[in-house]
Every structure is written in C-alpha cells, then in structure tokens.
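Have a look at target03.tsv below; it lists TSV, C-alpha atoms.
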chain	number	residue	atom	x	y	z
A	1	MET	CA	0.00	0.00	0.00
A	2	ILE	CA	1.46	3.36	-1.07
A	3	ARG	CA	0.96	6.01	1.62
A	4	ILE	CA	0.45	9.58	0.41
A	5	ILE	CA	0.75	12.97	2.10
A	6	LEU	CA	-1.47	15.43	0.22
A	7	CYS	CA	-0.58	19.13	0.38
A	8	GLY	CA	-3.51	21.35	-0.49
A	9	ALA	CA	-5.82	18.57	0.69
A	10	ASN	CA	-8.97	20.68	0.92
A	11	GLY	CA	-8.45	22.78	-2.18
A	12	LYS	CA	-10.32	22.11	-5.42
A	13	MET	CA	-7.66	19.79	-6.82
A	14	GLY	CA	-7.02	18.23	-3.41
A	15	ARG	CA	-10.63	17.10	-3.16
A	16	VAL	CA	-10.53	15.65	-6.68
A	17	ILE	CA	-7.37	13.73	-5.78
A	18	GLN	CA	-9.08	12.41	-2.66
A	19	ASP	CA	-11.88	11.07	-4.85
A	20	VAL	CA	-9.45	9.47	-7.32
A	21	VAL	CA	-7.44	7.78	-4.55
A	22	SER	CA	-10.59	6.50	-2.83
A	23	LYS	CA	-11.52	4.59	-5.99
A	24	ARG	CA	-8.06	3.16	-6.59
A	25	ASN	CA	-6.49	0.08	-5.08
A	26	GLY	CA	-2.94	0.09	-3.80
A	27	CYS	CA	-2.68	3.60	-2.38
A	28	LYS	CA	-4.21	5.78	0.32
A	29	ILE	CA	-3.88	9.26	1.77
A	30	VAL	CA	-2.52	9.06	5.32
A	31	ALA	CA	-2.28	12.80	6.03
A	32	GLY	CA	-3.08	16.16	4.50
A	33	VAL	CA	-1.83	19.73	4.74
A	34	ASP	CA	-4.18	22.68	4.35
A	35	ILE	CA	-5.15	25.90	6.08
A	36	ASN	CA	-8.59	24.30	6.36
A	37	THR	CA	-8.06	21.28	8.60
A	38	ASP	CA	-11.54	19.76	8.27
A	39	SER	CA	-11.43	16.08	7.33
A	40	SER	CA	-13.26	12.85	8.08
A	41	SER	CA	-10.90	10.49	6.25
A	42	PHE	CA	-7.40	11.41	7.46
A	43	PRO	CA	-5.72	14.00	9.70
A	44	VAL	CA	-5.09	17.39	8.11
A	45	TYR	CA	-2.48	19.80	9.48
A	46	LYS	CA	-1.94	23.50	8.87
A	47	THR	CA	1.77	23.02	8.15
A	48	ILE	CA	3.68	20.10	6.69
A	49	ASP	CA	6.11	20.14	9.61
A	50	GLU	CA	3.28	18.93	11.86
A	51	VAL	CA	2.79	15.72	9.89
A	52	ALA	CA	3.95	12.70	11.91
A	53	GLU	CA	2.39	9.90	9.84
A	54	GLN	CA	4.68	7.54	7.96
A	55	ALA	CA	4.40	7.97	4.19
A	56	ASP	CA	5.98	6.91	0.90
A	57	VAL	CA	5.42	10.01	-1.25
A	58	ILE	CA	4.07	13.58	-1.18
A	59	ILE	CA	1.65	15.09	-3.69
A	60	ASP	CA	1.65	18.90	-3.71
A	61	PHE	CA	-1.28	20.85	-5.14
A	62	SER	CA	-1.03	23.85	-2.82
A	63	ASN	CA	0.62	27.25	-3.25
A	64	PRO	CA	4.07	28.40	-4.47
A	65	ALA	CA	4.60	30.18	-1.14
A	66	LEU	CA	4.86	26.80	0.60
A	67	LEU	CA	7.64	25.47	-1.63
A	68	GLN	CA	10.54	25.98	0.76
A	69	SER	CA	8.91	24.13	3.66
A	70	LEU	CA	7.75	21.38	1.29
A	71	LEU	CA	11.26	20.77	-0.07
A	72	ALA	CA	12.82	20.93	3.40
A	73	PHE	CA	10.35	18.33	4.73
A	74	SER	CA	10.92	16.10	1.69
A	75	GLU	CA	14.68	16.16	2.25
A	76	LYS	CA	14.41	15.66	6.01
A	77	LYS	CA	12.12	12.63	5.65
A	78	ASN	CA	13.80	11.39	2.45
A	79	LEU	CA	10.41	11.35	0.74
A	80	PRO	CA	9.83	11.65	-3.03
A	81	VAL	CA	7.63	14.61	-3.91
A	82	VAL	CA	5.26	15.16	-6.83
A	83	ILE	CA	5.04	18.92	-7.43
A	84	ALA	CA	1.85	19.76	-9.32
A	85	THR	CA	1.48	23.37	-8.15
A	86	THR	CA	1.93	26.08	-10.81
A	87	GLY	CA	2.99	29.71	-10.75
A	88	TYR	CA	6.60	29.32	-9.61
A	89	ASP	CA	9.07	32.11	-10.38
A	90	GLU	CA	12.55	31.48	-11.76
A	91	ASN	CA	14.18	31.45	-8.32
A	92	GLN	CA	11.73	28.81	-7.08
A	93	LYS	CA	12.36	26.68	-10.16
A	94	LYS	CA	16.05	26.76	-9.28
A	95	GLN	CA	15.16	25.65	-5.74
A	96	ILE	CA	13.29	22.68	-7.17
A	97	GLU	CA	16.26	21.75	-9.36
A	98	ALA	CA	18.62	22.00	-6.39
A	99	ALA	CA	16.32	19.84	-4.25
A	100	SER	CA	16.30	17.12	-6.92
A	101	GLU	CA	20.00	16.60	-6.33
A	102	LYS	CA	19.19	15.25	-2.86
A	103	THR	CA	15.70	13.76	-3.18
A	104	PRO	CA	13.51	12.37	-5.99
A	105	VAL	CA	11.36	15.17	-7.43
A	106	PHE	CA	8.59	14.82	-10.03
A	107	PHE	CA	7.92	18.21	-11.59
A	108	THR	CA	5.80	19.09	-14.60
A	109	TYR	CA	3.61	22.05	-15.51
A	110	ASN	CA	0.74	19.78	-16.42
A	111	MET	CA	-0.18	16.33	-15.14
A	112	SER	CA	-2.23	15.41	-18.22
A	113	ILE	CA	-0.76	12.72	-20.50
A	114	GLY	CA	-2.58	14.41	-23.38
A	115	ILE	CA	-0.79	17.72	-22.82
A	116	ASN	CA	2.57	15.98	-22.73
A	117	LEU	CA	1.70	14.26	-26.00
A	118	LEU	CA	0.79	17.70	-27.40
A	119	ALA	CA	4.27	18.95	-26.48
A	120	ASN	CA	5.86	16.05	-28.34
A	121	LEU	CA	3.65	16.65	-31.39
A	122	ALA	CA	4.62	20.33	-31.35
A	123	LYS	CA	8.30	19.40	-31.32
A	124	LYS	CA	7.73	17.10	-34.28
A	125	ALA	CA	5.88	19.86	-36.14
A	126	VAL	CA	8.76	22.28	-35.57
A	127	SER	CA	11.31	19.73	-36.82
A	128	VAL	CA	9.34	19.46	-40.09
A	129	LEU	CA	8.22	23.08	-40.55
A	130	GLY	CA	11.43	24.75	-39.43
A	131	SER	CA	11.47	28.54	-39.15
A	132	ASP	CA	9.10	29.21	-42.05
A	133	PHE	CA	6.02	29.23	-39.80
A	134	ASP	CA	5.14	31.80	-37.15
A	135	ILE	CA	4.14	30.23	-33.82
A	136	GLU	CA	1.39	31.48	-31.53
A	137	ILE	CA	0.13	29.83	-28.32
A	138	VAL	CA	-3.33	30.54	-26.89
A	139	GLU	CA	-4.32	29.22	-23.47
A	140	LYS	CA	-7.73	29.48	-21.81
A	141	HIS	CA	-8.60	28.93	-18.15
A	142	HIS	CA	-11.30	29.70	-15.59
A	143	ASN	CA	-11.68	33.16	-14.12
A	144	GLN	CA	-10.15	32.14	-10.78
A	145	LYS	CA	-6.70	31.29	-12.17
A	146	ILE	CA	-4.08	33.72	-10.94
A	147	ASP	CA	-0.98	33.17	-13.09
A	148	ALA	CA	-0.80	34.10	-16.77
A	149	PRO	CA	0.36	32.74	-19.08
A	150	SER	CA	-0.21	29.28	-17.70
A	151	GLY	CA	2.72	27.11	-16.73
A	152	THR	CA	1.55	24.65	-19.37
A	153	ALA	CA	1.75	27.29	-22.11
A	154	LEU	CA	5.32	28.06	-21.04
A	155	MET	CA	6.11	24.34	-21.01
A	156	LEU	CA	4.85	24.02	-24.58
A	157	ALA	CA	6.86	27.04	-25.70
A	158	ASP	CA	10.00	25.67	-24.02
A	159	ALA	CA	9.49	22.31	-25.77
A	160	ILE	CA	9.19	24.07	-29.12
A	161	CYS	CA	12.36	26.08	-28.49
A	162	GLU	CA	14.31	22.87	-27.96
A	163	GLU	CA	13.81	22.13	-31.66
A	164	LEU	CA	14.67	25.59	-33.00
A	165	GLU	CA	18.20	26.65	-33.86
A	166	ASN	CA	17.65	30.37	-33.35
A	167	PRO	CA	16.92	31.71	-29.86
A	168	MET	CA	13.29	32.77	-29.42
A	169	HIS	CA	11.65	35.24	-27.07
A	170	TYR	CA	8.10	35.12	-25.77
A	171	GLU	CA	5.88	38.04	-26.73
A	172	TYR	CA	3.15	38.67	-24.15
A	173	ASP	CA	1.99	42.19	-24.97
A	174	ARG	CA	1.90	43.41	-28.57
A	175	HIS	CA	-0.52	46.27	-27.95
A	176	SER	CA	2.19	48.33	-26.26
A	177	LYS	CA	4.25	48.72	-29.44
A	178	ARG	CA	3.71	49.39	-33.14
A	179	GLU	CA	6.00	47.19	-35.21
A	180	LYS	CA	5.89	44.10	-37.38
A	181	ARG	CA	6.09	40.65	-35.87
A	182	THR	CA	9.65	39.32	-35.81
A	183	LYS	CA	10.61	35.78	-36.81
A	184	ASN	CA	12.26	35.00	-33.49
A	185	GLU	CA	9.21	35.30	-31.26
A	186	ILE	CA	6.45	33.06	-29.97
A	187	GLY	CA	3.22	34.86	-29.19
A	188	MET	CA	1.63	33.97	-25.84
A	189	HIS	CA	-2.04	34.77	-25.22
A	190	ALA	CA	-4.04	34.17	-22.03
A	191	VAL	CA	-7.84	34.02	-21.83
A	192	ARG	CA	-9.65	33.93	-18.48
A	193	GLY	CA	-13.36	33.30	-18.14
A	194	GLY	CA	-16.12	31.21	-16.64
A	195	THR	CA	-15.27	27.68	-15.58
A	196	ILE	CA	-12.90	26.70	-18.39
A	197	VAL	CA	-10.79	23.85	-17.00
A	198	GLY	CA	-7.90	24.26	-19.42
A	199	GLU	CA	-7.46	24.64	-23.17
A	200	HIS	CA	-4.21	25.05	-25.07
A	201	GLU	CA	-3.75	25.72	-28.77
A	202	ILE	CA	-0.53	25.96	-30.76
A	203	MET	CA	-0.86	27.65	-34.15
A	204	PHE	CA	1.77	27.37	-36.87
A	205	ALA	CA	1.00	30.09	-39.42
A	206	GLY	CA	2.81	29.89	-42.74
A	207	ARG	CA	2.30	31.29	-46.22
A	208	ASP	CA	-1.31	30.48	-47.20
A	209	GLU	CA	-1.67	27.67	-44.65
A	210	ILE	CA	-2.22	27.23	-40.92
A	211	ILE	CA	-1.60	24.13	-38.80
A	212	THR	CA	-3.21	23.96	-35.37
A	213	LEU	CA	-2.54	21.53	-32.52
A	214	SER	CA	-4.81	21.68	-29.50
A	215	HIS	CA	-5.79	20.02	-26.24
A	216	SER	CA	-8.92	20.53	-24.14
A	217	ALA	CA	-9.30	19.29	-20.58
A	218	ARG	CA	-12.97	18.67	-19.74
A	219	SER	CA	-12.53	18.10	-16.01
A	220	LYS	CA	-9.92	18.47	-13.30
A	221	GLU	CA	-9.86	14.70	-12.92
A	222	VAL	CA	-7.35	14.29	-15.76
A	223	PHE	CA	-4.80	16.23	-13.68
A	224	ALA	CA	-5.65	14.35	-10.49
A	225	VAL	CA	-5.26	10.96	-12.19
A	226	GLY	CA	-1.90	12.07	-13.58
A	227	ALA	CA	-0.72	13.23	-10.16
A	228	VAL	CA	-1.71	9.96	-8.49
A	229	ASN	CA	-0.03	7.97	-11.26
A	230	ALA	CA	3.10	10.05	-10.72
A	231	ALA	CA	2.96	9.39	-6.97
A	232	VAL	CA	2.76	5.63	-7.54
A	233	PHE	CA	5.65	5.91	-10.00
A	234	MET	CA	7.79	7.93	-7.59
A	235	ALA	CA	7.10	5.71	-4.56
A	236	ASP	CA	9.01	2.88	-6.25
A	237	ASN	CA	12.35	3.62	-4.53
A	238	LYS	CA	13.46	6.29	-6.98
A	239	ALA	CA	17.00	7.67	-6.77
A	240	PRO	CA	17.46	11.42	-6.28
A	241	GLY	CA	16.87	13.34	-9.49
A	242	MET	CA	14.35	15.29	-11.55
A	243	TYR	CA	11.54	13.20	-13.03
A	244	THR	CA	8.87	14.26	-15.53
A	245	MET	CA	5.97	12.75	-17.41
A	246	LYS	CA	8.44	11.62	-20.05
A	247	GLU	CA	10.15	9.17	-17.66
A	248	MET	CA	6.82	7.93	-16.35
A	249	ILE	CA	5.27	7.03	-19.71
A	250	GLU	CA	8.37	5.50	-21.28

Would you write out, as structure tokens, the structure that this file holds?
Amino acid sequence: MIRIILCGANGKMGRVIQDVVSKRNGCKIVAGVDINTDSSSFPVYKTIDEVAEQADVIIDFSNPALLQSLLAFSEKKNLPVVIATTGYDENQKKQIEAASEKTPVFFTYNMSIGINLLANLAKKAVSVLGSDFDIEIVEKHHNQKIDAPSGTALMLADAICEELENPMHYEYDRHSKREKRTKNEIGMHAVRGGTIVGEHEIMFAGRDEIITLSHSARSKEVFAVGAVNAAVFMADNKAPGMYTMKEMIE
C-alpha cells in the first residue's frame, strides 16, 4: 500500500485527488496539509512540519509560497515529492532543481498525459516546418486562475524552443508597441473566463496555410489521475533526481 501525504488537501484539486485515490487500489492518503483542517478520512495539518504519519510520497497541489517548507520536509524525511502546483518564479524553479540533487522530485507544468503528447507533437511539427512558420500559443482557463500565461503554455513554448536553432523570445503584450512581428518570437495569449478547465492551442501560421494543434481538458480529474499515477511511480524507490511525465510514460 502506497501512503500519500497530500498538500492542499482541501483545495479544489485536493478534493478531486481524494476522490481518485478512494476509488483506486494500492494507495491511500494518510495525512493532508491545508489551512482548512476539516477532514473525516485522514488527519489534516496546517503546516507540513506537523505531519507525523509515515508515508511513501508527497503530492503537492497547494501554493508556491509553501515550496521551501515542502522541499525541506521532503529532504528531512527522504520522501519523493510530486510537485503539481503552478505559478513558480525562476528562483523557485532553481530551488526545485537544487532539491532534486538530494531527493527524488517529479515536476511538470501539467499532469495530463494528453498535454505531454501535445508537447511532443509540437516538437515534431517544428522539426518538419522549421522557421518558415510563425508560432502562436493561446491558453484558456477559468476566471479564478491567478498566473498568466499558464505554466503549461510556457512548457509548450519551451518544448518548441528545444527544436529551434535560433533563440526565441516570448511576446506577451503586442498592444504596447507598433512594429511588425519578428521571426524569433512566440506569441503567448491568455484568456480567463467562466469555468474553463484548461485549453491550449498551438498555431503554426505559414504562407497560405495554418496548422493547429490543441488540447482541451474537460474536467480536473485528468490532472488528479496524472498526479496519483506520478505518486505511484515515484514511490518505487526512486533515486534522487528530476523526473517528468516523459520518464513515467516511457
């Protein structure tokens, strides 16, 4: 039985993960961390340092502000951690990379297998189309999402850049300048409204033709299932290092 500590246990994603785990054999949540400590299934603490239960892995769907304490606890207890929270700044990303040198860390901007397939398809498209096509990324999310562009949109752009010879920059705000689009940019557009779970579109615009790759998440469960799958994967005595969806699905 794989024992899970769930950070952000009573948030929207935390509750979906609880539901996914409850219907799955071979794993259970033994403790949670959340500012709201209400729970009938397992103890929930306000800070991760209060957790005394024995566990095999941590799933984090909380807040970037809690990263330092999360990584410190993971190292102290020698516990693998699945980081599914988004909105980290560059300094925090470096902290995650540094932590992976001491403990096993699973980190991806999106827990959906479909999104990770989209990234691979985008890389393939770039290898065929080269620099003759302009690239624009449009992401859409619900009106409660704080960060923009989404971490997933940045992940897709980074994957595309791996296949391009020339360095690219991300253009977030064209309305502030009057000039033609340059060849070395990727346009990034964020839409926020209603209850959109998550939609990402990559457009390759060439001369007289457009190629579009897209992914639409219809419920938060796709991310919860991915996070639980990652937790099961990481609980298997992983050595210190950085793990992603790529290692899990290979």

**Q.** Proximity to A:Lys140 - best of A:Lys123, A:Ala159, A:Gln92, A:Ser214, only C-alpha atoms
**A.**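 For A:Lys140, the nearest of the candidates is A:Ser214.
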
If I wrap all listed atoms of stretch 200-214 of chain A in a box with edges along x, y and z and add 3 Å on each side, what are its centre and edge lengths in Å to one decimal, as lines of an AutoDock Vina configuration file?
center_x = -1.0
center_y = 26.4
center_z = -36.1
size_x = 13.6
size_y = 15.8
size_z = 28.1

Near stretch 53-62 of chain A, 9 Å: stretch 4-23 of chain A residue rows, closest pairs, only C-alpha atoms, as JSON lines:
{"residue": "A:Ile4", "atom": "CA", "partner": "A:Val57", "partner_atom": "CA", "distance": 5.3}
{"residue": "A:Ile5", "atom": "CA", "partner": "A:Ile58", "partner_atom": "CA", "distance": 4.7}
{"residue": "A:Leu6", "atom": "CA", "partner": "A:Ile59", "partner_atom": "CA", "distance": 5.0}
{"residue": "A:Cys7", "atom": "CA", "partner": "A:Asp60", "partner_atom": "CA", "distance": 4.7}
{"residue": "A:Gly8", "atom": "CA", "partner": "A:Ser62", "partner_atom": "CA", "distance": 4.2}
{"residue": "A:Ala9", "atom": "CA", "partner": "A:Phe61", "partner_atom": "CA", "distance": 7.7}
{"residue": "A:Gly11", "atom": "CA", "partner": "A:Ser62", "partner_atom": "CA", "distance": 7.5}
{"residue": "A:Met13", "atom": "CA", "partner": "A:Phe61", "partner_atom": "CA", "distance": 6.7}
{"residue": "A:Gly14", "atom": "CA", "partner": "A:Phe61", "partner_atom": "CA", "distance": 6.5}

Q: Kindly extract all protein, DNA and RNA residues lying within 9 Å of the coordinates (-7.9, 30.1, -14.8) given in the file, considering all atoms listed in the file, and supply them as a ChimeraX atom specification.
A: /A:140-148,150,191-198

**Q.** All residues 9 Å or closer to A:Thr152, all atoms listed in the file, same chain fewer than 2 positions away omitted, as a PyMOL selection string
**A.** chain A and resi 86+108-110+115+139+149-150+154-157+200

Go ahead and dump the residues you just picked, C-alpha atoms, as a compact mmCIF listing (two decimals), in the frame of the given file.
# COMPACT_ATOMS: atom_id res chain seq x y z
CA THR A 86 1.93 26.08 -10.81
CA THR A 108 5.80 19.09 -14.60
CA TYR A 109 3.61 22.05 -15.51
CA ASN A 110 0.74 19.78 -16.42
CA ILE A 115 -0.79 17.72 -22.82
CA GLU A 139 -4.32 29.22 -23.47
CA PRO A 149 0.36 32.74 -19.08
CA SER A 150 -0.21 29.28 -17.70
CA LEU A 154 5.32 28.06 -21.04
CA MET A 155 6.11 24.34 -21.01
CA LEU A 156 4.85 24.02 -24.58
CA ALA A 157 6.86 27.04 -25.70
CA HIS A 200 -4.21 25.05 -25.07

Q: Neighbourhood query: residues within 7 Å of (4.0, 30.5, -29.3), file coordinates, counting all atoms listed in the file; return as a ChimeraX atom specification.
A: /A:135-137,157,186-188,202
